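Reproduced below: run_31.pdb, with PDB, C-alpha atoms, pLDDT in the B column.
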ATOM      1  CA  MET A   1       6.980  11.477  41.465  1.00 73.00           C
ATOM      2  CA  ARG A   2       3.837   9.888  40.055  1.00 86.00           C
ATOM      3  CA  ASN A   3       2.137   6.781  41.400  1.00 93.00           C
ATOM      4  CA  LYS A   4       1.252   4.901  38.203  1.00 94.00           C
ATOM      5  CA  VAL A   5      -0.330   1.954  40.054  1.00 95.00           C
ATOM      6  CA  LEU A   6      -2.743   4.188  41.969  1.00 97.00           C
ATOM      7  CA  GLU A   7      -3.454   6.264  38.856  1.00 97.00           C
ATOM      8  CA  GLN A   8      -4.492   3.113  36.996  1.00 97.00           C
ATOM      9  CA  LEU A   9      -6.722   1.958  39.880  1.00 98.00           C
ATOM     10  CA  LEU A  10      -8.486   5.341  39.943  1.00 98.00           C
ATOM     11  CA  ASN A  11      -8.812   5.481  36.160  1.00 97.00           C
ATOM     12  CA  ASP A  12     -10.422   2.028  36.226  1.00 97.00           C
ATOM     13  CA  ASP A  13     -12.765   2.926  39.107  1.00 98.00           C
ATOM     14  CA  LEU A  14     -13.840   6.218  37.510  1.00 98.00           C
ATOM     15  CA  ALA A  15     -14.067   5.006  33.892  1.00 96.00           C
ATOM     16  CA  GLN A  16     -17.876   4.817  33.893  1.00 96.00           C
ATOM     17  CA  GLU A  17     -18.463   8.157  35.657  1.00 97.00           C
ATOM     18  CA  ARG A  18     -19.732  11.010  33.523  1.00 96.00           C
ATOM     19  CA  GLY A  19     -18.145  14.451  33.879  1.00 97.00           C
ATOM     20  CA  ILE A  20     -14.698  13.207  34.985  1.00 98.00           C
ATOM     21  CA  THR A  21     -11.574  14.994  33.776  1.00 97.00           C
ATOM     22  CA  GLU A  22      -7.964  14.429  34.754  1.00 97.00           C
ATOM     23  CA  LYS A  23      -5.114  16.886  35.180  1.00 96.00           C
ATOM     24  CA  THR A  24      -1.668  17.122  36.718  1.00 95.00           C
ATOM     25  CA  MET A  25      -1.650  18.832  40.122  1.00 90.00           C
ATOM     26  CA  PHE A  26      -0.704  18.237  43.778  1.00 75.00           C
ATOM     27  CA  GLY A  27       2.573  16.756  42.574  1.00 83.00           C
ATOM     28  CA  GLY A  28       0.659  13.931  40.890  1.00 91.00           C
ATOM     29  CA  GLN A  29      -2.599  13.369  39.032  1.00 96.00           C
ATOM     30  CA  ALA A  30      -5.991  14.748  40.034  1.00 97.00           C
ATOM     31  CA  TRP A  31      -9.501  13.866  38.920  1.00 98.00           C
ATOM     32  CA  LEU A  32     -12.274  16.414  38.724  1.00 98.00           C
ATOM     33  CA  LEU A  33     -16.025  15.911  38.517  1.00 98.00           C
ATOM     34  CA  ASN A  34     -17.815  18.655  36.610  1.00 97.00           C
ATOM     35  CA  GLY A  35     -14.780  20.894  37.200  1.00 97.00           C
ATOM     36  CA  ASN A  36     -14.583  20.295  40.979  1.00 98.00           C
ATOM     37  CA  LEU A  37     -11.664  18.442  42.544  1.00 97.00           C
ATOM     38  CA  LEU A  38     -12.619  14.893  43.492  1.00 98.00           C
ATOM     39  CA  CYS A  39      -9.464  12.922  44.286  1.00 98.00           C
ATOM     40  CA  GLY A  40      -5.786  12.635  43.512  1.00 97.00           C
ATOM     41  CA  ALA A  41      -2.904  10.199  43.260  1.00 97.00           C
ATOM     42  CA  ARG A  42       0.545  11.067  44.568  1.00 94.00           C
ATOM     43  CA  ASN A  43       3.548   9.033  45.565  1.00 92.00           C
ATOM     44  CA  ASP A  44       2.537   9.487  49.239  1.00 90.00           C
ATOM     45  CA  GLY A  45      -1.028   8.227  48.834  1.00 95.00           C
ATOM     46  CA  MET A  46      -4.531   8.711  47.528  1.00 97.00           C
ATOM     47  CA  LEU A  47      -6.089  12.114  48.212  1.00 97.00           C
ATOM     48  CA  VAL A  48      -9.861  12.100  48.612  1.00 98.00           C
ATOM     49  CA  ARG A  49     -12.295  15.003  48.989  1.00 98.00           C
ATOM     50  CA  LEU A  50     -15.053  14.093  51.432  1.00 98.00           C
ATOM     51  CA  GLY A  51     -16.203  17.577  52.431  1.00 97.00           C
ATOM     52  CA  LYS A  52     -15.813  19.508  55.662  1.00 95.00           C
ATOM     53  CA  GLY A  53     -17.428  17.652  58.545  1.00 94.00           C
ATOM     54  CA  SER A  54     -17.845  14.465  56.497  1.00 96.00           C
ATOM     55  CA  ASP A  55     -14.444  12.891  57.025  1.00 96.00           C
ATOM     56  CA  ALA A  56     -14.644  11.568  60.622  1.00 96.00           C
ATOM     57  CA  TRP A  57     -15.614   8.049  59.548  1.00 96.00           C
ATOM     58  CA  ALA A  58     -12.630   7.890  57.187  1.00 98.00           C
ATOM     59  CA  LEU A  59     -10.190   9.333  59.717  1.00 97.00           C
ATOM     60  CA  SER A  60     -11.168   6.577  62.184  1.00 97.00           C
ATOM     61  CA  THR A  61      -9.843   4.017  59.669  1.00 97.00           C
ATOM     62  CA  PRO A  62      -6.206   2.914  60.092  1.00 98.00           C
ATOM     63  CA  GLY A  63      -4.095   4.165  57.187  1.00 98.00           C
ATOM     64  CA  ILE A  64      -6.245   7.248  56.544  1.00 98.00           C
ATOM     65  CA  ASP A  65      -4.952  10.596  57.787  1.00 98.00           C
ATOM     66  CA  PRO A  66      -5.868  14.245  57.275  1.00 97.00           C
ATOM     67  CA  MET A  67      -4.402  15.751  54.124  1.00 95.00           C
ATOM     68  CA  ILE A  68      -1.644  18.180  55.056  1.00 91.00           C
ATOM     69  CA  THR A  69      -0.466  20.758  52.523  1.00 86.00           C
ATOM     70  CA  ARG A  70       2.374  23.145  53.337  1.00 88.00           C
ATOM     71  CA  GLY A  71       1.988  22.285  57.016  1.00 93.00           C
ATOM     72  CA  ARG A  72      -1.742  23.042  57.041  1.00 94.00           C
ATOM     73  CA  GLN A  73      -4.587  20.555  57.369  1.00 94.00           C
ATOM     74  CA  MET A  74      -6.979  20.625  54.430  1.00 93.00           C
ATOM     75  CA  HIS A  75     -10.308  20.075  56.187  1.00 94.00           C
ATOM     76  CA  GLY A  76     -12.601  17.722  54.315  1.00 96.00           C
ATOM     77  CA  TRP A  77      -9.703  16.016  52.528  1.00 97.00           C
ATOM     78  CA  VAL A  78      -7.972  12.786  53.589  1.00 98.00           C
ATOM     79  CA  ARG A  79      -4.860  10.903  52.481  1.00 97.00           C
ATOM     80  CA  ALA A  80      -5.100   7.123  52.204  1.00 98.00           C
ATOM     81  CA  ALA A  81      -1.986   4.957  52.498  1.00 98.00           C
ATOM     82  CA  PRO A  82      -1.294   2.001  50.164  1.00 97.00           C
ATOM     83  CA  GLU A  83      -2.866  -0.540  52.537  1.00 97.00           C
ATOM     84  CA  VAL A  84      -6.122   1.416  52.172  1.00 98.00           C
ATOM     85  CA  TYR A  85      -6.195   2.215  48.454  1.00 98.00           C
ATOM     86  CA  GLU A  86      -5.001  -1.270  47.504  1.00 97.00           C
ATOM     87  CA  ASP A  87      -8.110  -2.662  49.263  1.00 98.00           C
ATOM     88  CA  ASP A  88     -10.654  -2.471  46.416  1.00 98.00           C
ATOM     89  CA  ALA A  89     -13.712  -2.253  48.692  1.00 98.00           C
ATOM     90  CA  LEU A  90     -12.225   0.483  50.900  1.00 98.00           C
ATOM     91  CA  ARG A  91     -10.910   2.517  47.950  1.00 98.00           C
ATOM     92  CA  ARG A  92     -14.320   2.340  46.271  1.00 98.00           C
ATOM     93  CA  LYS A  93     -16.076   3.326  49.515  1.00 98.00           C
ATOM     94  CA  LEU A  94     -13.856   6.421  49.694  1.00 98.00           C
ATOM     95  CA  LEU A  95     -14.506   7.213  46.027  1.00 98.00           C
ATOM     96  CA  LYS A  96     -18.270   6.813  46.437  1.00 98.00           C
ATOM     97  CA  ALA A  97     -18.248   9.241  49.370  1.00 98.00           C
ATOM     98  CA  ALA A  98     -16.120  11.672  47.330  1.00 98.00           C
ATOM     99  CA  LEU A  99     -18.441  11.390  44.323  1.00 98.00           C
ATOM    100  CA  ASP A 100     -21.513  11.936  46.513  1.00 98.00           C
ATOM    101  CA  PHE A 101     -19.987  15.069  48.054  1.00 98.00           C
ATOM    102  CA  THR A 102     -18.586  16.479  44.810  1.00 98.00           C
ATOM    103  CA  ARG A 103     -21.913  15.946  42.990  1.00 97.00           C
ATOM    104  CA  SER A 104     -23.478  18.287  45.557  1.00 97.00           C
ATOM    105  CA  LEU A 105     -21.252  21.172  44.409  1.00 97.00           C
ATOM    106  CA  PRO A 106     -22.211  23.568  41.605  1.00 96.00           C
ATOM    107  CA  LYS A 107     -20.676  22.673  38.241  1.00 94.00           C
ATOM    108  CA  LYS A 108     -17.745  24.829  37.173  1.00 89.00           C
TER
END

Spit out the file's structure as C-alpha cells when you get a sec.
Amino acid sequence: MRNKVLEQLLNDDLAQERGITEKTMFGGQAWLLNGNLLCGARNDGMLVRLGKGSDAWALSTPGIDPMITRGRQMHGWVRAAPEVYEDDALRRKLLKAALDFTRSLPKK
C-alpha cells in the first residue's frame, strides 16, 4: 500500500535536486540519485539511506528505527515514523544526510 502523503512530501523536497529518478520498489516508491538508492516511501514510514556507520545520530531520535527487511537489519538505512517525516525540519535533515552520503557513491 502506497503512502501518497509521504510521496508528495518527498517529491516536493527533492524537486530541485539534479539526478533524481523515481521507481516503484520496497512495496512503495523509491528515489534514486544518479542511479543509487536514496530514500523511499512506504505505508510503514520513510526509508532513508545514511550509510553504514553514519546512522547513530538518527537512531537516537525518537520515531527513527533501523530498517528491517525480511527480519534482517539493513545497516546504514533507517525508517522514520510519521511524527518524524511530518516534521519538515527533521525530514529535510534526514534527506540532506542521505543526499550527502549518496553523492559520495559512484554514479550508476

Set out as JSON lines a contact list for range 61-100 of chain A and range 17-28 of chain A with a cut-off of 12 Å, giving each residue of range 61-100 of chain A that qualifies its closest atom pair and distance in Å to one decimal, counting all atoms listed in the file, ordered by chain and rising residue number.
{"residue": "A:Met67", "atom": "CA", "partner": "A:Phe26", "partner_atom": "CA", "distance": 11.3}
{"residue": "A:Ile68", "atom": "CA", "partner": "A:Phe26", "partner_atom": "CA", "distance": 11.3}
{"residue": "A:Thr69", "atom": "CA", "partner": "A:Phe26", "partner_atom": "CA", "distance": 9.1}
{"residue": "A:Arg70", "atom": "CA", "partner": "A:Phe26", "partner_atom": "CA", "distance": 11.2}
{"residue": "A:Leu95", "atom": "CA", "partner": "A:Glu17", "partner_atom": "CA", "distance": 11.1}
{"residue": "A:Lys96", "atom": "CA", "partner": "A:Glu17", "partner_atom": "CA", "distance": 10.9}
{"residue": "A:Leu99", "atom": "CA", "partner": "A:Glu17", "partner_atom": "CA", "distance": 9.2}
{"residue": "A:Asp100", "atom": "CA", "partner": "A:Glu17", "partner_atom": "CA", "distance": 11.9}

- Task: Could you check which of A:Ser60, A:Asn3, A:Gln8, A:Gln16 is closest to Asn43 in chain A, using all atoms listed in the file?
- Result: A:Asn3

- Message: Given only C-alpha atoms as the basis, pick out the residue of A:Ala15, A:Leu50, A:Leu6, A:Ala98 nearest to Val84 in chain A.
- Response: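 The shortest atom-to-atom distance to Val84 in chain A comes from A:Leu6.
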
- Message: Report, in Å with one decimal, the straight-line distance from CA of Asn11 in chain A to CA of Trp31 in chain A.
- Response: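 Result for CA of Asn11 in chain A versus CA of Trp31 in chain A: 8.9 Å, one decimal.
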
- Message: Quick one: residues within 10 Å of Ala97 in chain A, only C-alpha atoms, excluding same-chain residues fewer than 6 positions away - as a PyMOL selection string?
- Response: chain A and resi 38+48-51+54-55+58+103

Spell out the residues picked by the PyMOL selection byres ((chain A and resi 75) around 8) here, as a PDB file with C-alpha atoms, in the frame of the given file.
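Result went into part_38.pdb, see below:
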ATOM      1  CA  GLY A  51     -16.203  17.577  52.431  1.00 97.00           C
ATOM      2  CA  LYS A  52     -15.813  19.508  55.662  1.00 95.00           C
ATOM      3  CA  GLY A  53     -17.428  17.652  58.545  1.00 94.00           C
ATOM      4  CA  PRO A  66      -5.868  14.245  57.275  1.00 97.00           C
ATOM      5  CA  MET A  67      -4.402  15.751  54.124  1.00 95.00           C
ATOM      6  CA  GLN A  73      -4.587  20.555  57.369  1.00 94.00           C
ATOM      7  CA  MET A  74      -6.979  20.625  54.430  1.00 93.00           C
ATOM      8  CA  GLY A  76     -12.601  17.722  54.315  1.00 96.00           C
ATOM      9  CA  TRP A  77      -9.703  16.016  52.528  1.00 97.00           C
TER      10      TRP A  77
END
